[in-house]
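Asks: Supplied structure: coords.cif, mmCIF, C-alpha atoms and all ligand atoms.
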```cif
data_data
#
loop_
_atom_site.group_PDB
_atom_site.id
_atom_site.type_symbol
_atom_site.label_atom_id
_atom_site.label_comp_id
_atom_site.auth_asym_id
_atom_site.auth_seq_id
_atom_site.Cartn_x
_atom_site.Cartn_y
_atom_site.Cartn_z
ATOM 1 C CA MET A 1307 40.468 149.459 91.316
ATOM 2 C CA ALA A 1308 41.127 145.794 90.734
ATOM 3 C CA ARG A 1309 42.229 146.678 87.217
ATOM 4 C CA TYR A 1310 44.622 149.302 88.470
ATOM 5 C CA ARG A 1311 46.101 146.899 90.973
ATOM 6 C CA ALA A 1312 46.567 144.238 88.347
ATOM 7 C CA SER A 1313 48.450 146.545 86.056
ATOM 8 C CA SER A 1314 50.486 148.023 88.857
ATOM 9 C CA SER A 1315 51.592 144.577 89.972
ATOM 10 C CA ARG A 1316 52.501 143.790 86.405
ATOM 11 C CA TRP A 1317 54.808 146.804 86.411
ATOM 12 C CA SER A 1318 56.401 145.811 89.646
ATOM 13 C CA LEU A 1319 56.924 142.368 88.167
ATOM 14 C CA VAL A 1320 58.733 143.942 85.218
ATOM 15 C CA ALA A 1321 60.819 146.026 87.606
ATOM 16 C CA ALA A 1322 61.597 142.985 89.753
ATOM 17 C CA THR A 1323 62.582 140.986 86.680
ATOM 18 C CA THR A 1324 64.906 143.738 85.518
ATOM 19 C CA VAL A 1325 66.495 144.031 88.942
ATOM 20 C CA SER A 1326 66.985 140.297 89.268
ATOM 21 C CA ALA A 1327 68.446 140.137 85.754
ATOM 22 C CA LEU A 1328 70.966 142.781 86.794
ATOM 23 C CA LEU A 1329 71.656 141.005 90.064
ATOM 24 C CA SER A 1330 72.188 137.669 88.414
ATOM 25 C CA ALA A 1331 74.584 139.276 85.947
ATOM 26 C CA CYS A 1332 76.627 140.504 88.906
ATOM 27 C CA GLY A 1333 76.010 137.287 90.835
ATOM 28 C CA GLY A 1334 77.623 135.285 88.056
ATOM 29 C CA VAL A 1335 80.817 137.284 88.359
ATOM 30 C CA THR A 1336 80.911 136.990 92.140
ATOM 31 C CA GLU A 1337 80.204 133.284 91.976
ATOM 32 C CA SER A 1338 83.002 132.702 89.476
ATOM 33 C CA SER A 1339 85.489 134.798 91.419
ATOM 34 C CA ASP A 1340 85.587 132.027 94.057
ATOM 35 C CA LEU A 1341 87.258 129.918 91.407
ATOM 36 C CA SER A 1342 90.511 130.430 89.558
ATOM 37 C CA PRO A 1343 89.932 131.627 85.987
ATOM 38 C CA ALA A 1344 90.766 128.158 84.651
ATOM 39 C CA ALA A 1345 88.401 126.439 87.087
ATOM 40 C CA ALA A 1346 85.615 128.910 86.313
ATOM 41 C CA GLU A 1347 86.129 128.238 82.636
ATOM 42 C CA GLY A 1348 86.081 124.496 83.306
ATOM 43 C CA ARG A 1349 82.756 124.816 85.060
ATOM 44 C CA ALA A 1350 81.363 126.830 82.150
ATOM 45 C CA ILE A 1351 82.607 124.187 79.695
ATOM 46 C CA MET A 1352 81.091 121.376 81.748
ATOM 47 C CA ARG A 1353 77.769 123.189 81.661
ATOM 48 C CA SER A 1354 77.913 124.092 77.972
ATOM 49 C CA LYS A 1355 79.162 120.685 76.744
ATOM 50 C CA GLY A 1356 76.436 118.768 78.547
ATOM 51 C CA CYS A 1357 78.702 117.185 81.194
ATOM 52 C CA ALA A 1358 76.656 118.948 83.861
ATOM 53 C CA SER A 1359 73.489 117.179 82.732
ATOM 54 C CA CYS A 1360 74.946 113.903 84.000
ATOM 55 C CA HIS A 1361 77.432 115.107 86.616
ATOM 56 C CA GLY A 1362 75.327 117.935 88.083
ATOM 57 C CA SER A 1363 75.741 121.657 87.488
ATOM 58 C CA ASP A 1364 78.092 121.811 90.463
ATOM 59 C CA GLY A 1365 79.612 118.367 90.143
ATOM 60 C CA GLY A 1366 77.163 116.708 92.531
ATOM 61 C CA GLY A 1367 76.444 113.826 90.187
ATOM 62 C CA GLY A 1368 73.265 112.392 88.752
ATOM 63 C CA VAL A 1369 73.306 109.822 85.990
ATOM 64 C CA GLY A 1370 77.087 109.981 86.285
ATOM 65 C CA PRO A 1371 79.151 109.886 89.464
ATOM 66 C CA ALA A 1372 79.641 112.965 91.630
ATOM 67 C CA LEU A 1373 83.022 114.505 90.946
ATOM 68 C CA PHE A 1374 83.571 115.761 94.495
ATOM 69 C CA ASP A 1375 86.985 114.977 95.939
ATOM 70 C CA VAL A 1376 87.603 112.475 93.165
ATOM 71 C CA ILE A 1377 91.228 113.557 92.655
ATOM 72 C CA GLY A 1378 93.504 111.323 94.683
ATOM 73 C CA SER A 1379 90.683 108.976 95.636
ATOM 74 C CA THR A 1380 90.605 105.270 94.849
ATOM 75 C CA VAL A 1381 87.949 104.577 92.268
ATOM 76 C CA PRO A 1382 86.544 101.039 92.128
ATOM 77 C CA LEU A 1383 86.099 99.886 88.551
ATOM 78 C CA ALA A 1384 83.493 97.635 86.984
ATOM 79 C CA ASP A 1385 86.117 94.998 86.129
ATOM 80 C CA GLY A 1386 86.883 94.507 89.820
ATOM 81 C CA THR A 1387 90.147 96.447 89.827
ATOM 82 C CA SER A 1388 90.559 99.958 91.123
ATOM 83 C CA VAL A 1389 92.523 102.985 90.122
ATOM 84 C CA THR A 1390 93.882 106.052 91.873
ATOM 85 C CA ALA A 1391 92.198 109.042 90.317
ATOM 86 C CA ASP A 1392 95.164 111.108 89.233
ATOM 87 C CA ARG A 1393 95.276 113.587 86.413
ATOM 88 C CA ASP A 1394 95.984 110.937 83.757
ATOM 89 C CA TYR A 1395 92.977 108.928 84.877
ATOM 90 C CA LEU A 1396 90.740 111.985 84.637
ATOM 91 C CA VAL A 1397 92.031 112.874 81.182
ATOM 92 C CA GLU A 1398 91.415 109.291 80.083
ATOM 93 C CA SER A 1399 87.946 109.237 81.689
ATOM 94 C CA ILE A 1400 87.027 112.296 79.667
ATOM 95 C CA THR A 1401 88.710 111.475 76.359
ATOM 96 C CA GLU A 1402 88.188 107.675 76.370
ATOM 97 C CA PRO A 1403 85.187 107.218 78.644
ATOM 98 C CA SER A 1404 84.887 103.496 77.979
ATOM 99 C CA ALA A 1405 88.543 102.706 78.838
ATOM 100 C CA LYS A 1406 87.753 102.437 82.557
ATOM 101 C CA ILE A 1407 84.187 102.166 83.771
ATOM 102 C CA VAL A 1408 83.426 103.178 87.330
ATOM 103 C CA GLU A 1409 81.873 100.320 89.318
ATOM 104 C CA GLY A 1410 78.099 100.490 89.502
ATOM 105 C CA TYR A 1411 77.666 102.365 86.226
ATOM 106 C CA THR A 1412 76.460 100.559 83.165
ATOM 107 C CA LEU A 1413 75.413 103.545 81.111
ATOM 108 C CA PRO A 1414 78.306 104.458 78.872
ATOM 109 C CA MET A 1415 79.487 108.016 79.121
ATOM 110 C CA PRO A 1416 79.454 109.645 75.679
ATOM 111 C CA LYS A 1417 82.699 110.821 74.169
ATOM 112 C CA THR A 1418 82.850 114.610 73.766
ATOM 113 C CA ASP A 1419 85.254 116.394 71.455
ATOM 114 C CA LEU A 1420 87.257 118.815 73.555
ATOM 115 C CA SER A 1421 90.476 120.691 72.941
ATOM 116 C CA SER A 1422 93.358 120.060 75.311
ATOM 117 C CA GLU A 1423 92.783 123.583 76.708
ATOM 118 C CA GLU A 1424 89.172 122.673 77.478
ATOM 119 C CA ILE A 1425 90.271 119.449 79.172
ATOM 120 C CA ASP A 1426 92.840 121.366 81.249
ATOM 121 C CA ALA A 1427 90.145 123.804 82.352
ATOM 122 C CA ILE A 1428 87.748 120.983 83.247
ATOM 123 C CA ILE A 1429 90.445 119.286 85.313
ATOM 124 C CA ALA A 1430 91.282 122.582 87.042
ATOM 125 C CA TYR A 1431 87.606 122.710 87.992
ATOM 126 C CA ILE A 1432 87.393 119.069 89.112
ATOM 127 C CA GLU A 1433 90.517 119.675 91.248
ATOM 128 C CA VAL A 1434 88.726 122.283 93.331
ATOM 129 C CA LEU A 1435 85.404 120.462 93.514
ATOM 130 C CA SER A 1436 84.382 119.348 96.929
ATOM 131 C CA PRO A 1437 80.995 118.852 98.533
ATOM 132 C CA PRO A 1438 79.074 122.119 99.076
ATOM 133 C CA THR A 1439 79.501 122.011 102.866
ATOM 134 C CA THR A 1440 83.285 122.057 102.521
ATOM 135 C CA ALA A 1441 83.105 124.627 99.732
ATOM 136 C CA THR A 1442 80.975 126.918 101.912
ATOM 137 C CA VAL A 1443 83.377 126.691 104.825
ATOM 138 C CA ALA A 1444 86.298 127.379 102.490
ATOM 139 C CA GLY A 1445 84.545 130.287 100.845
HETATM 140 C C1 LIG A 1501 75.184 110.822 79.476
HETATM 141 C C2 LIG A 1501 75.759 111.134 80.759
HETATM 142 C C3 LIG A 1501 77.179 111.678 80.852
HETATM 143 C C4 LIG A 1501 77.711 112.790 80.239
HETATM 144 C C5 LIG A 1501 77.041 113.734 79.246
HETATM 145 C C6 LIG A 1501 79.062 112.922 80.737
HETATM 146 N N1 LIG A 1501 79.341 111.911 81.625
HETATM 147 FE FE1 LIG A 1501 81.075 111.664 82.656
HETATM 148 N N2 LIG A 1501 80.401 109.880 83.356
HETATM 149 C C7 LIG A 1501 79.128 109.360 83.140
HETATM 150 C C8 LIG A 1501 79.037 108.035 83.719
HETATM 151 C C9 LIG A 1501 77.808 107.125 83.694
HETATM 152 C C10 LIG A 1501 80.305 107.764 84.287
HETATM 153 C C11 LIG A 1501 80.745 106.482 85.023
HETATM 154 C C12 LIG A 1501 81.029 105.393 84.026
HETATM 155 C C13 LIG A 1501 82.362 105.554 83.386
HETATM 156 O O1 LIG A 1501 83.359 105.487 84.109
HETATM 157 O O2 LIG A 1501 82.419 105.779 82.168
HETATM 158 C C14 LIG A 1501 81.129 108.951 84.046
HETATM 159 C C15 LIG A 1501 82.451 109.124 84.496
HETATM 160 C C16 LIG A 1501 83.172 110.298 84.426
HETATM 161 C C17 LIG A 1501 84.436 110.550 85.079
HETATM 162 C C18 LIG A 1501 85.172 109.584 85.994
HETATM 163 C C19 LIG A 1501 84.577 109.794 87.383
HETATM 164 C C20 LIG A 1501 85.104 108.911 88.471
HETATM 165 O O3 LIG A 1501 84.519 108.962 89.583
HETATM 166 O O4 LIG A 1501 86.068 108.176 88.280
HETATM 167 C C21 LIG A 1501 84.803 111.832 84.758
HETATM 168 C C22 LIG A 1501 86.054 112.569 85.235
HETATM 169 C C23 LIG A 1501 83.774 112.374 83.891
HETATM 170 N N3 LIG A 1501 82.803 111.417 83.716
HETATM 171 C C24 LIG A 1501 83.796 113.642 83.338
HETATM 172 C C25 LIG A 1501 82.886 114.078 82.366
HETATM 173 C C26 LIG A 1501 83.055 115.287 81.580
HETATM 174 C C27 LIG A 1501 84.187 116.281 81.730
HETATM 175 C C28 LIG A 1501 81.997 115.335 80.706
HETATM 176 C C29 LIG A 1501 81.705 116.360 79.603
HETATM 177 C C30 LIG A 1501 82.744 116.494 78.586
HETATM 178 C C31 LIG A 1501 81.147 114.184 80.994
HETATM 179 N N4 LIG A 1501 81.732 113.444 81.991
HETATM 180 C C32 LIG A 1501 79.953 113.920 80.361
HETATM 181 C C33 LIG A 1501 78.091 109.986 82.493
HETATM 182 C C34 LIG A 1501 78.220 111.131 81.711
#
```
Starting from the coordinates I provided, produce the structure as structure tokens.
Replies:
Amino acid sequence: MARYRASSSRWSLVAATTVSALLSACGGVTESSDLSPAAAEGRAIMRSKGCASCHGSDGGGGVGPALFDVIGSTVPLADGTSVTADRDYLVESITEPSAKIVEGYTLPMPKTDLSSEEIDAIIAYIEVLSPPTTATVAG
């Protein structure tokens, strides 16, 4: 009896795994449809190029700063000056990470080779990033 139960729960585990694999396949599409195609691509690039390992899989930060609401904000820099985070600043932050270092960060951000299309997509994503509470209300 115990044996039968064990094998039957193994089968339900297989079934559950299959169902959740199907659900997550659909879930991915639904999740991305909240974003414009460019922003969704930017998120995928940030995850695949390793940006997400420092900036969080949803831009929440970690080793690197959170990228929520960064566009248009005033970013204090390590040299005591500050900069308004416009598009040019973001492009420079990504292509020449050491040109302007955000205050409080000593770890240099690595330079990643990206095409200008990839950078555009990343910026489209950063433009729509906001803390999850705001994102949930908006969605
Ligand atoms: C090893 C960790 C690491 C990785 C990988 C990384 N970053 Fe960073 N990033 C940082 C740190 C640390 C800073 C702050 C210091 C600085 O300004 O360089 C930063 C700063 C930034 C900024 C400026 C943020 C602000 O608040 O002004 C942007 C934009 C950015 N990163 C985007 C990216 C993108 C896009 C990628 C992938 C191509 C990436 N980062 C990969 C660590 C990382």
Asks: Compare A:Ala1384, A:Ala1372, A:Cys1357, A:Val1434 by their minimum atom-to-atom distance to ligand LIG 1501 (chain A), counting all atoms listed in the file, and give me the closest one.
Replies: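 Of all the options, A:Cys1357 lies closest to ligand LIG 1501 (chain A).
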Asks: Between A:Arg1353, A:Tyr1411, A:Ala1345, A:Val1389, which has the minimum distance to ligand LIG 1501 (chain A) (counting all atoms listed in the file)?
Replies: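 Closest candidate: A:Tyr1411.
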Asks: In Å, with one decimal, what is the gap from atom C16 of ligand LIG 1501 (chain A) to CA of Pro1438 (chain A)?
Replies: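 Interatomic distance here is 19.3 Å.
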Asks: Write as an MDAnalysis selection string the residues around ligand LIG 1501 (chain A), taking 6 Å as the cut-off and counting only C-alpha atoms and all ligand atoms.
Replies: chainID A and resid 1352 1355:1357 1360 1369:1371 1373 1376 1381 1396 1399:1400 1403:1404 1406:1408 1411 1413:1416 1418
Asks: Evaluated on this file, the PyMOL selection byres (((chain A and resi 1346) around 12) and not hetatm) picks out some residues - which ones are they, written as a PDB file with C-alpha atoms, in the coordinates of the input?
Replies:
```pdb
ATOM      1  CA  GLY A1334      77.623 135.285  88.056  1.00  0.00           C
ATOM      2  CA  VAL A1335      80.817 137.284  88.359  1.00  0.00           C
ATOM      3  CA  THR A1336      80.911 136.990  92.140  1.00  0.00           C
ATOM      4  CA  GLU A1337      80.204 133.284  91.976  1.00  0.00           C
ATOM      5  CA  SER A1338      83.002 132.702  89.476  1.00  0.00           C
ATOM      6  CA  SER A1339      85.489 134.798  91.419  1.00  0.00           C
ATOM      7  CA  ASP A1340      85.587 132.027  94.057  1.00  0.00           C
ATOM      8  CA  LEU A1341      87.258 129.918  91.407  1.00  0.00           C
ATOM      9  CA  SER A1342      90.511 130.430  89.558  1.00  0.00           C
ATOM     10  CA  PRO A1343      89.932 131.627  85.987  1.00  0.00           C
ATOM     11  CA  ALA A1344      90.766 128.158  84.651  1.00  0.00           C
ATOM     12  CA  ALA A1345      88.401 126.439  87.087  1.00  0.00           C
ATOM     13  CA  GLU A1347      86.129 128.238  82.636  1.00  0.00           C
ATOM     14  CA  GLY A1348      86.081 124.496  83.306  1.00  0.00           C
ATOM     15  CA  ARG A1349      82.756 124.816  85.060  1.00  0.00           C
ATOM     16  CA  ALA A1350      81.363 126.830  82.150  1.00  0.00           C
ATOM     17  CA  ILE A1351      82.607 124.187  79.695  1.00  0.00           C
ATOM     18  CA  MET A1352      81.091 121.376  81.748  1.00  0.00           C
ATOM     19  CA  ARG A1353      77.769 123.189  81.661  1.00  0.00           C
ATOM     20  CA  ASP A1364      78.092 121.811  90.463  1.00  0.00           C
ATOM     21  CA  GLU A1424      89.172 122.673  77.478  1.00  0.00           C
ATOM     22  CA  ASP A1426      92.840 121.366  81.249  1.00  0.00           C
ATOM     23  CA  ALA A1427      90.145 123.804  82.352  1.00  0.00           C
ATOM     24  CA  ILE A1428      87.748 120.983  83.247  1.00  0.00           C
ATOM     25  CA  ILE A1429      90.445 119.286  85.313  1.00  0.00           C
ATOM     26  CA  ALA A1430      91.282 122.582  87.042  1.00  0.00           C
ATOM     27  CA  TYR A1431      87.606 122.710  87.992  1.00  0.00           C
ATOM     28  CA  ILE A1432      87.393 119.069  89.112  1.00  0.00           C
ATOM     29  CA  GLU A1433      90.517 119.675  91.248  1.00  0.00           C
ATOM     30  CA  VAL A1434      88.726 122.283  93.331  1.00  0.00           C
ATOM     31  CA  LEU A1435      85.404 120.462  93.514  1.00  0.00           C
TER      32      LEU A1435
END
```
